[in-house]
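Here's the structure we're looking at; comments come further down.
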Amino acid sequence: MRTILFFSMSFLLGTSFLFSQQTTVLDSVQKLDSVYIDTKVSIDRKQSGKTVTVISQEILQQNAGKSVAQVINEVAGFEINGSNSNNGQNLGYFVRGGRNRQVLILVDGVPLNDASQISNDFDLRLVSLANIEKIEVMKGASSVLYGSGAATAVISITTKNPSKKPFAVSTTSMFGTDRSAEDDGYPVESITNNAVISGSVGKFFYQAEANHRYSNGLSAIAAPEGEDAFEADLFNNFNAKVNLGVNITKDITISQFVAFDKLTSGFDDFSYTDADYTNETKQFRTGGHFEWKFSKGVYVFNDNYSVVEREITSSFPAQYDSKVYNFDNYLQYNFGKQFKAIVGLGGNLSKMNSFTIPFGDMQFAQDVDEDTAQFNFFDPYVNVLYTSAFGLNVSTGARMNIHSLYGNHLVYQVNPSYNVDVSTFNLKFLGSYSTAYITPSLFQIYDPIYGNEALQPEENTTLEGGFEVSNKRFRVSAVYFQREEENFVDFVVVDPDLFAYQYQNTAETFKAIGVEVEVLYTPIAQVTLTANYTNTQADERFALRIPEHKVNASVQYAPTTKTNVGLSFMNVSDRDDTFFNPDTFESETALLESYSLLNFNASHQLTKNLKLMLGVDNILNTDFEELYRYQTKGRNVRLGFGLRF
């Protein structure tokens with residue numbers, strides 16, 4: 001870390017020497033309605049050329065006891081498949097016709113990935129909702145600021161800061177059911193616990209947290225109609241993290257963390273029969289944050305080193321491990337009030353091992369070695385934000401991906417917007433043209449059965465256009481998008497007689513178009529209404545499990561400052577899915593019917609230190625499918641409390 005930090009600071013500070021010195025002091029006023037993710041600069045929402053969705057701390061508290069995936073699944077444009085199934089179900093991130101490898105996840109400013117996963121993605125199940133301060137979500141190609149994988153969306157998770165008090169304790173406990181629509185009774189089969197100790201003493205600050213999420217009521221596979229339910233499949237997730245830091249001066253802060261995650265989930269056989277299989281993931285992470293504020297901007301360095309070990313116990317047992325170092329650092333510099341520039345350098349160093357048991361043997365044998373299965377890339381990038389006095393705002397930039405396997409790859413973006421004040425409303429027109437890339441995963445390249453060392457990176461372009469109308473109580477936005485994808489990495493049959501498959505780039509260009517509409521309305525101070533609608537029309541190969549129409553709506557009512565109640569609604573239209581028929585040994589198509597869910601939440605601050613929380617999901621006990629033949633959650637109740645001292 002020290003070598004890269006020194007090199008990065010030298011690179012960026014050297015670049016800053018070229019900047020003009022005729023600048024003004026950075027405006028210290030933080031806008032109440034501000035966004036950060038689309039420019040890496042905290043700006044007023046009116047100046048942003050994107051329709052960024054911010055999931056605030058207030059919204060997160062209303063969803064206490066839920067998973068991160070369930071909360072993000074209500075964002076316009078998102079379909080997180082599996083979020084309402086068994087808690088151990090693998091998650092599919094479907095945005096604008098894309099898949100997991102095209103959605104980038106950041107935690108505290110650092111891109112995270114698991115190099116041993118087929119899609120090289122990060123597992124949201126490893127993140128606890130309880131200690132998140134906010135989540136920012138941005139759709140569209142965003143590789144200029146965030147690198148490989150930021151093709152359809154970026155999810156930026158910011159964890160809570162340590163308390164300003166010398167010593168503070170907060171805990172949350174939720175107890176609930178974990179049942180399907182067919183189950184009788186409401187036994188307690190789900191527990192979520194969180195505990196945080198934090199504080200600030202002089203220049204030093206600290207935070208230690210532990211999170212536990214457990215359930216054991218749902219089977220992964222739904223039993224055939226008329227048969228007894230399959231045995232429940234366990235989900236058990238534990239997280240622990242310690243973060244220590246110091247404010248060296250009022251403008252310089254440095255911190256370092258150590259974290260450990262362990263996730264155990266049961267699953268059933270791919271032939272849709274009950275089985276006692278498990279998937280265990282252990283993750284160790286460490287990293288840090290360095291921030292130096294000065295009169296004309298700020299320098300930031302974030303990094304994360306992850307070691308992941310996964311063991312699959314099934315009829316096809318396997319073991320995987322990966323080591324990934326990610327870093328991102330940038331210098332943000334202000335040229336007066338109208339221009340802000342960012343010069344950055346990001347990087348990724350990845351390697352993996354895999355082990356399987358050869359046919360007829362009893363012991364694991366290594367089939368992928370990290371000495372071969374590794375790559376690294378370094379990405380210098382620049383982005384400039386122009387904010388005029390007459391309503392025009394432009395964000396534009398470029399990034400060069402310097403990859404150890406694929407050479408150099410340039411991406412760029414142009415994102416203009418224009419504001420007009422009409423009576424008491426602000427009308428903003430926005431548009432963008434951006435490119436992105438997705439490098440193949442180490443699994444796709446080096447797996448001895450399915451891998452292909454001749455693979456090339458996927459390339460994405462996204463064109464967007466829309467508007468946003470807002471005032472103090474009302475905001476509505478509508479965005480049209482068109483996405484094209486080339487060099488798509490597909491899993492294709494190379495010899496049907498031998499059931500031989502391989503990852504290959506396809507020569508076709510795939511397209512997805514759609515519309516995303518969002519509405520926020522506060523008719524009175526105590527009531528907040530939100531709604532969004534997404535229409536996605538993807539090429540047939542992309543459309544599996546993706547609804548063409550999806551609607552979310554909610555109403556939150558706070559009769560007093562201590563009490564909040566709310567209702568939320570979700571409707572998902574018909575989707576197609578495919579499944580492998582073990583009788584015919586062929587893939588077949590199945591229709592997943594549309595469904596609607598109605599949820600309730602309530603909370604009350606009983607005393608200064610004690611808060612009570614209640615949630616009822618799927619009030620109408622709707623029976624539905626997210627994946628063909630997989631179990632989903634019926635009506636479930638959760639009740640809990642939060643303590644703060």
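How things are named: the first chain in the structure tokens is A, the next is B, and so on; residues count from 1 in each chain; ligands count from 1 in the order shown.
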Point to revise | Near-Glu468 of chain A list (10 Å; only C-alpha atoms; drop same-chain fewer than 5 positions) as a ChimeraX atom specification | key: /A:46,49-51,419,426-430,475-479,517-519
Residues from last step as file, N, CA and C atoms, as a tab-separated table (two decimals), in the first residue's frame:
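Okay, this is what ended up in part-v6.tsv:
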chain	number	residue	atom	x	y	z
A	46	LYS	N	-29.26	19.93	-8.71
A	46	LYS	CA	-29.60	20.64	-9.94
A	46	LYS	C	-28.43	20.68	-10.91
A	49	GLY	N	-25.94	15.95	-14.05
A	49	GLY	CA	-26.53	15.53	-15.32
A	49	GLY	C	-27.07	14.12	-15.29
A	50	LYS	N	-27.20	13.53	-14.09
A	50	LYS	CA	-27.74	12.18	-13.92
A	50	LYS	C	-28.92	12.23	-12.96
A	51	THR	N	-29.78	11.22	-13.03
A	51	THR	CA	-30.85	11.07	-12.04
A	51	THR	C	-30.38	10.07	-10.98
A	419	ASN	N	-30.47	23.85	-16.83
A	419	ASN	CA	-31.52	24.20	-15.88
A	419	ASN	C	-32.26	25.47	-16.30
A	426	ASN	N	-37.93	24.17	-10.88
A	426	ASN	CA	-36.71	24.10	-11.67
A	426	ASN	C	-36.86	22.97	-12.68
A	427	LEU	N	-36.64	23.27	-13.94
A	427	LEU	CA	-36.72	22.29	-15.01
A	427	LEU	C	-35.31	22.00	-15.51
A	428	LYS	N	-34.91	20.75	-15.44
A	428	LYS	CA	-33.57	20.35	-15.88
A	428	LYS	C	-33.67	19.37	-17.03
A	429	PHE	N	-32.99	19.68	-18.13
A	429	PHE	CA	-32.85	18.76	-19.25
A	429	PHE	C	-31.47	18.11	-19.15
A	430	LEU	N	-31.41	16.83	-19.38
A	430	LEU	CA	-30.13	16.14	-19.24
A	430	LEU	C	-29.92	15.13	-20.35
A	475	ARG	N	-40.71	16.32	-6.97
A	475	ARG	CA	-39.68	16.04	-7.97
A	475	ARG	C	-40.14	14.89	-8.85
A	476	VAL	N	-40.07	15.08	-10.15
A	476	VAL	CA	-40.37	14.01	-11.09
A	476	VAL	C	-39.29	14.01	-12.17
A	477	SER	N	-38.83	12.83	-12.53
A	477	SER	CA	-37.81	12.70	-13.57
A	477	SER	C	-38.18	11.57	-14.51
A	478	ALA	N	-37.77	11.70	-15.75
A	478	ALA	CA	-37.98	10.66	-16.75
A	478	ALA	C	-36.74	10.59	-17.63
A	479	VAL	N	-36.22	9.40	-17.82
A	479	VAL	CA	-35.00	9.20	-18.60
A	479	VAL	C	-35.23	8.06	-19.60
A	517	VAL	N	-38.84	6.25	-14.81
A	517	VAL	CA	-39.57	7.41	-14.31
A	517	VAL	C	-39.58	7.36	-12.78
A	518	GLU	N	-39.28	8.49	-12.13
A	518	GLU	CA	-39.28	8.57	-10.67
A	518	GLU	C	-40.07	9.78	-10.21
A	519	VAL	N	-40.84	9.60	-9.12
A	519	VAL	CA	-41.65	10.68	-8.56
A	519	VAL	C	-41.45	10.73	-7.05
Strand (DSSP E) positions in segment 367-506 of chain A, given as a compact mmCIF listing (two decimals) with C-alpha atoms, in the first residue's frame:
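Contents of states_31.txt, freshly written:
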# COMPACT_ATOMS: atom_id res chain seq x y z
CA ASP A 367 -6.97 -27.22 -11.63
CA VAL A 368 -6.34 -23.44 -11.66
CA GLN A 374 -3.84 -13.53 -12.53
CA PHE A 375 -3.99 -10.12 -14.10
CA ASN A 376 -3.61 -6.49 -13.15
CA PHE A 377 -4.58 -3.14 -14.60
CA PHE A 378 -3.90 0.51 -13.87
CA ASP A 379 -6.26 3.26 -14.99
CA PRO A 380 -5.28 6.93 -15.22
CA TYR A 381 -8.37 9.10 -15.69
CA VAL A 382 -9.50 12.71 -15.87
CA ASN A 383 -12.91 14.33 -15.57
CA VAL A 384 -13.92 17.99 -15.75
CA LEU A 385 -17.12 19.53 -14.40
CA TYR A 386 -18.26 22.88 -15.80
CA THR A 387 -20.99 24.80 -13.98
CA LEU A 392 -25.56 24.90 -18.36
CA ASN A 393 -23.58 22.12 -16.68
CA VAL A 394 -21.22 19.69 -18.43
CA SER A 395 -19.33 16.72 -17.02
CA THR A 396 -16.86 15.14 -19.43
CA GLY A 397 -13.84 12.89 -19.12
CA ALA A 398 -11.80 9.91 -20.28
CA ARG A 399 -10.03 6.90 -18.78
CA MET A 400 -7.27 4.66 -20.12
CA ASN A 401 -7.36 1.05 -18.94
CA ILE A 402 -3.83 -0.39 -19.08
CA HIS A 403 -4.37 -4.14 -18.72
CA GLY A 407 -3.26 -3.75 -23.52
CA ASN A 408 -4.77 -0.26 -23.59
CA HIS A 409 -8.46 0.55 -23.77
CA LEU A 410 -9.92 4.09 -23.82
CA VAL A 411 -13.39 5.03 -22.54
CA TYR A 412 -14.98 8.46 -22.40
CA GLN A 413 -18.16 10.31 -21.45
CA VAL A 414 -20.00 13.55 -22.20
CA ASN A 415 -22.81 14.47 -19.79
CA PRO A 416 -24.48 17.88 -20.32
CA SER A 417 -27.51 19.27 -18.49
CA TYR A 418 -29.37 22.58 -18.57
CA ASN A 419 -31.52 24.20 -15.88
CA VAL A 420 -34.43 26.59 -16.42
CA ASP A 421 -36.43 28.21 -13.63
CA VAL A 422 -40.15 28.16 -14.46
CA PHE A 425 -40.15 24.96 -10.37
CA ASN A 426 -36.71 24.10 -11.67
CA LEU A 427 -36.72 22.29 -15.01
CA LYS A 428 -33.57 20.35 -15.88
CA PHE A 429 -32.85 18.76 -19.25
CA LEU A 430 -30.13 16.14 -19.24
CA GLY A 431 -28.34 13.85 -21.61
CA SER A 432 -25.23 11.71 -21.78
CA TYR A 433 -23.17 9.57 -24.09
CA SER A 434 -20.79 7.25 -22.28
CA THR A 435 -18.74 4.14 -22.95
CA ALA A 436 -17.71 1.30 -20.66
CA TYR A 437 -15.80 -1.96 -20.72
CA ILE A 438 -15.92 -5.24 -18.83
CA GLU A 458 -16.90 -6.50 -23.59
CA GLU A 459 -17.66 -2.96 -24.76
CA ASN A 460 -20.76 -0.94 -23.85
CA THR A 461 -22.13 2.40 -25.01
CA THR A 462 -25.08 4.14 -23.37
CA LEU A 463 -27.09 7.06 -24.72
CA GLU A 464 -29.45 8.83 -22.29
CA GLY A 465 -31.84 11.73 -22.48
CA GLY A 466 -34.49 13.07 -20.16
CA PHE A 467 -35.67 15.76 -17.79
CA GLU A 468 -36.27 16.47 -14.11
CA VAL A 469 -38.80 18.92 -12.65
CA SER A 470 -38.49 19.84 -8.99
CA PHE A 474 -42.08 17.76 -5.59
CA ARG A 475 -39.68 16.04 -7.97
CA VAL A 476 -40.37 14.01 -11.09
CA SER A 477 -37.81 12.70 -13.57
CA ALA A 478 -37.98 10.66 -16.75
CA VAL A 479 -35.00 9.20 -18.60
CA TYR A 480 -34.85 7.31 -21.87
CA PHE A 481 -31.83 5.03 -22.34
CA GLN A 482 -30.38 3.04 -25.19
CA ARG A 483 -27.54 0.62 -24.52
CA GLU A 484 -25.45 -1.37 -27.02
CA GLU A 485 -23.04 -4.15 -26.18
CA GLU A 486 -20.29 -5.66 -28.34
CA VAL A 489 -18.95 -12.99 -23.40
CA ASP A 490 -21.41 -15.84 -23.80
CA PHE A 491 -21.53 -19.43 -22.56
CA VAL A 492 -21.89 -21.41 -25.78
CA VAL A 493 -22.10 -25.04 -26.87
CA VAL A 494 -18.96 -26.13 -28.73
CA ASP A 495 -19.85 -29.83 -29.03
CA ALA A 500 -18.99 -29.34 -24.16
CA TYR A 501 -19.36 -25.62 -23.37
CA GLN A 502 -16.97 -22.67 -23.46
CA TYR A 503 -16.96 -18.92 -22.85
CA GLN A 504 -16.65 -17.06 -26.15
CA ASN A 505 -17.10 -13.53 -27.49
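For the residues A:Val307, A:Leu349, A:Val169, A:Val127, ranking by smallest atom-to-atom distance to Asn239 of chain A using only C-alpha atoms places A:Val127 first.
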Point to revise | Residues within 7 Å of Tyr557 of chain A, only C-alpha atoms, excluding chain neighbours under 3 positions, as a PyMOL selection string | key: chain A and resi 526-528+564-566
Export of prior selection with C-alpha atoms as a short mmCIF file (atom, residue, chain, number, x, y, z; two decimals), in the first residue's frame:
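In the end it all went to selection-v3.cif:
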data_model
loop_
_atom_site.label_atom_id
_atom_site.label_comp_id
_atom_site.auth_asym_id
_atom_site.auth_seq_id
_atom_site.Cartn_x
_atom_site.Cartn_y
_atom_site.Cartn_z
CA GLN A 526 -45.58 14.55 7.72
CA VAL A 527 -46.21 12.63 4.46
CA THR A 528 -43.78 11.49 1.76
CA ASN A 564 -43.25 6.65 11.45
CA VAL A 565 -45.50 4.24 9.54
CA GLY A 566 -45.41 3.29 5.89
#
Practice item. Go ahead and compute the interatomic distance for atom CA of Gln57 of chain A and atom CA of Ile132 of chain A, in Å to one decimal. Key: 7.6 Å
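Distance-wise, atom CA of Ala222 of chain A and atom CA of Asn621 of chain A end up 15.7 Å apart.
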Exercise for review: Determine, counting only C-alpha atoms, which protein, DNA and RNA residues have an atom within 9 Å of an atom of Ile55 of chain A; residues of the same chain fewer than 4 positions away are not included. Present the result as a list in words.
Suggested key: Ile59, Leu60, Val71, Ile72, Val75, Glu133, Lys134, Ile135, Glu136 and Val137 of chain A
**Study point:** Nearest-residue call for Ala543 of chain A, choices A:Thr578, A:Thr563, A:Thr192, A:Ser42, using only C-alpha atoms
**Key:** A:Thr578
**Study point:** Selection: 12 Å around Ala76 of chain A, only C-alpha atoms, excl. self and same-chain fewer than 5 positions, as an NGL selection string
**Key:** :A and (51-55 or 71 or 94-96 or 137-139 or 153 or 477-479 or 514-519 or 530-536 or 549-553 or 570)
Practice item. For Ala590 of chain A, please output as an NGL selection string all residues within 9 Å (counting only C-alpha atoms; exclusion window: fewer than 4 positions along the same chain). Key: :A and (575-579 or 628)
Exercise for review: Rounded to one decimal place, report the atom CA of Ser156 of chain A-atom CA of Leu106 of chain A distance in Å.
Suggested key: 4.7 Å
**Study point:** Neighbour list for Met613 of chain A as a list of chain:residue names, cut-off 10 Å, only C-alpha atoms, skip fewer than 4 positions in-chain
**Key:** A:Gln61, A:Gln62, A:Asn63, A:Ala64, A:Gly65, A:Thr172, A:Ser173, A:Met174, A:Thr563, A:Asn564, A:Val565, A:Asn601, A:Ala602, A:Ser603, A:His604, A:Gln605, A:Arg638, A:Leu639, A:Gly640, A:Phe641, A:Gly642
Written file, previous selection with all heavy atoms, as a compact mmCIF listing (two decimals), in the first residue's frame:
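Contents of again.txt, as written:
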# COMPACT_ATOMS: atom_id res chain seq x y z
N GLN A 61 -33.40 2.98 7.91
CA GLN A 61 -34.00 2.65 9.20
C GLN A 61 -35.42 2.12 9.04
O GLN A 61 -35.85 1.25 9.80
CB GLN A 61 -33.99 3.89 10.10
CG GLN A 61 -32.61 4.29 10.58
CD GLN A 61 -32.65 5.48 11.52
OE1 GLN A 61 -33.70 5.88 11.99
NE2 GLN A 61 -31.48 6.06 11.80
N GLN A 62 -36.15 2.63 8.05
CA GLN A 62 -37.49 2.13 7.80
C GLN A 62 -37.48 0.68 7.32
O GLN A 62 -38.49 -0.02 7.43
CB GLN A 62 -38.17 3.02 6.75
CG GLN A 62 -38.47 4.43 7.23
CD GLN A 62 -38.80 5.37 6.09
OE1 GLN A 62 -38.85 4.95 4.92
NE2 GLN A 62 -39.02 6.64 6.39
N ASN A 63 -36.34 0.23 6.80
CA ASN A 63 -36.22 -1.13 6.28
C ASN A 63 -35.36 -2.02 7.17
O ASN A 63 -34.81 -3.02 6.69
CB ASN A 63 -35.62 -1.09 4.87
CG ASN A 63 -36.59 -0.55 3.83
OD1 ASN A 63 -37.43 -1.26 3.31
ND2 ASN A 63 -36.48 0.75 3.55
N ALA A 64 -35.24 -1.68 8.44
CA ALA A 64 -34.43 -2.46 9.38
C ALA A 64 -34.85 -3.92 9.36
O ALA A 64 -36.03 -4.25 9.37
CB ALA A 64 -34.57 -1.89 10.79
N GLY A 65 -33.86 -4.80 9.31
CA GLY A 65 -34.13 -6.24 9.27
C GLY A 65 -34.12 -6.82 7.88
O GLY A 65 -34.05 -8.04 7.71
N THR A 172 -28.92 -3.12 17.41
CA THR A 172 -30.21 -3.38 16.78
C THR A 172 -30.45 -4.88 16.78
O THR A 172 -29.55 -5.65 16.42
CB THR A 172 -30.25 -2.86 15.34
OG1 THR A 172 -29.96 -1.46 15.33
CG2 THR A 172 -31.62 -3.08 14.72
N SER A 173 -31.64 -5.30 17.17
CA SER A 173 -32.01 -6.71 17.13
C SER A 173 -33.39 -6.84 16.50
O SER A 173 -34.32 -6.12 16.88
CB SER A 173 -32.03 -7.32 18.54
OG SER A 173 -30.73 -7.37 19.09
N MET A 174 -33.50 -7.74 15.51
CA MET A 174 -34.77 -7.99 14.84
C MET A 174 -35.03 -9.50 14.87
O MET A 174 -34.14 -10.31 14.57
CB MET A 174 -34.73 -7.50 13.40
CG MET A 174 -34.47 -6.02 13.22
SD MET A 174 -35.81 -4.95 13.80
CE MET A 174 -37.09 -5.34 12.61
N THR A 563 -42.55 8.92 15.62
CA THR A 563 -43.28 7.79 15.05
C THR A 563 -43.31 7.88 13.53
O THR A 563 -43.47 8.96 12.96
CB THR A 563 -44.73 7.76 15.58
OG1 THR A 563 -44.70 7.74 17.01
CG2 THR A 563 -45.47 6.54 15.07
N ASN A 564 -43.16 6.73 12.90
CA ASN A 564 -43.25 6.65 11.45
C ASN A 564 -43.93 5.35 11.05
O ASN A 564 -43.65 4.28 11.61
CB ASN A 564 -41.86 6.70 10.81
CG ASN A 564 -41.91 6.74 9.29
OD1 ASN A 564 -42.01 7.81 8.70
ND2 ASN A 564 -41.84 5.56 8.66
N VAL A 565 -44.86 5.43 10.10
CA VAL A 565 -45.50 4.24 9.54
C VAL A 565 -45.48 4.37 8.02
O VAL A 565 -45.47 5.48 7.48
CB VAL A 565 -46.96 4.07 10.03
CG1 VAL A 565 -46.99 3.80 11.52
CG2 VAL A 565 -47.80 5.29 9.69
N ASN A 601 -44.29 -1.06 7.27
CA ASN A 601 -43.24 -0.81 8.26
C ASN A 601 -43.72 0.23 9.26
O ASN A 601 -44.54 1.11 8.94
CB ASN A 601 -41.95 -0.35 7.60
CG ASN A 601 -42.06 1.03 6.97
OD1 ASN A 601 -42.43 1.18 5.81
ND2 ASN A 601 -41.73 2.08 7.74
N ALA A 602 -43.21 0.14 10.48
CA ALA A 602 -43.55 1.11 11.53
C ALA A 602 -42.40 1.18 12.53
O ALA A 602 -41.70 0.18 12.76
CB ALA A 602 -44.84 0.72 12.24
N SER A 603 -42.20 2.36 13.10
CA SER A 603 -41.19 2.52 14.14
C SER A 603 -41.64 3.60 15.11
O SER A 603 -42.38 4.52 14.74
CB SER A 603 -39.83 2.89 13.53
OG SER A 603 -39.89 4.14 12.87
N HIS A 604 -41.17 3.50 16.35
CA HIS A 604 -41.52 4.49 17.37
C HIS A 604 -40.36 4.64 18.34
O HIS A 604 -39.84 3.65 18.87
CB HIS A 604 -42.77 4.06 18.13
CG HIS A 604 -43.16 5.02 19.21
ND1 HIS A 604 -43.61 6.30 18.96
CD2 HIS A 604 -43.14 4.90 20.58
CE1 HIS A 604 -43.87 6.92 20.10
NE2 HIS A 604 -43.59 6.09 21.10
N GLN A 605 -39.93 5.89 18.53
CA GLN A 605 -38.88 6.18 19.49
C GLN A 605 -39.52 6.24 20.88
O GLN A 605 -40.06 7.26 21.30
CB GLN A 605 -38.20 7.51 19.15
CG GLN A 605 -36.90 7.77 19.90
CD GLN A 605 -35.76 6.92 19.38
OE1 GLN A 605 -35.61 6.73 18.18
NE2 GLN A 605 -34.95 6.39 20.29
N ARG A 638 -41.48 -9.20 11.15
CA ARG A 638 -40.27 -8.99 11.93
C ARG A 638 -40.53 -7.89 12.96
O ARG A 638 -41.19 -6.90 12.68
CB ARG A 638 -39.08 -8.64 11.03
CG ARG A 638 -39.25 -7.37 10.23
CD ARG A 638 -38.10 -7.16 9.24
NE ARG A 638 -38.18 -5.86 8.60
CZ ARG A 638 -38.96 -5.58 7.58
NH1 ARG A 638 -39.73 -6.53 7.05
NH2 ARG A 638 -38.98 -4.36 7.06
N LEU A 639 -39.99 -8.09 14.15
CA LEU A 639 -40.18 -7.16 15.26
C LEU A 639 -38.85 -7.00 15.97
O LEU A 639 -38.14 -7.99 16.20
CB LEU A 639 -41.23 -7.71 16.24
CG LEU A 639 -41.55 -6.86 17.47
CD1 LEU A 639 -42.18 -5.54 17.06
CD2 LEU A 639 -42.46 -7.64 18.42
N GLY A 640 -38.50 -5.77 16.30
CA GLY A 640 -37.21 -5.57 16.93
C GLY A 640 -37.09 -4.24 17.63
O GLY A 640 -38.05 -3.47 17.75
N PHE A 641 -35.89 -3.98 18.10
CA PHE A 641 -35.64 -2.75 18.84
C PHE A 641 -34.21 -2.29 18.57
O PHE A 641 -33.33 -3.06 18.20
CB PHE A 641 -35.84 -2.97 20.34
CG PHE A 641 -34.93 -4.00 20.94
CD1 PHE A 641 -33.69 -3.64 21.46
CD2 PHE A 641 -35.30 -5.34 20.98
CE1 PHE A 641 -32.85 -4.60 22.01
CE2 PHE A 641 -34.46 -6.30 21.53
CZ PHE A 641 -33.22 -5.92 22.05
N GLY A 642 -33.99 -1.00 18.78
CA GLY A 642 -32.67 -0.41 18.69
C GLY A 642 -32.35 0.36 19.95
O GLY A 642 -33.20 1.05 20.51
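Residue nearest Pro440 of chain A within the list A:Glu453, A:Leu606, A:Val110, A:Gly297: A:Glu453 [criterion: smallest interatomic distance, only C-alpha atoms].
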Exercise for review: Select from segment 258-480 of chain A everything DSSP, run on the backbone, classes as alpha helix (DSSP H), then give the selection as a PyMOL selection string.
Suggested key: chain A and resi 442-446
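Using only C-alpha atoms, the nearest neighbour of Ala525 of chain A within the list A:Asn100, A:Asn581, A:Thr560, A:Gln537 is A:Thr560.
Using only C-alpha atoms for every distance, the candidate list A:Lys262, A:Arg179, A:Lys165, A:Arg45 yields A:Arg179 as the residue closest to Val637 of chain A.
Counting only C-alpha atoms and comparing A:Ser295, A:Ser573, A:Asn279, A:Ser423, the residue that lies closest to Asp251 of chain A is A:Ser295.
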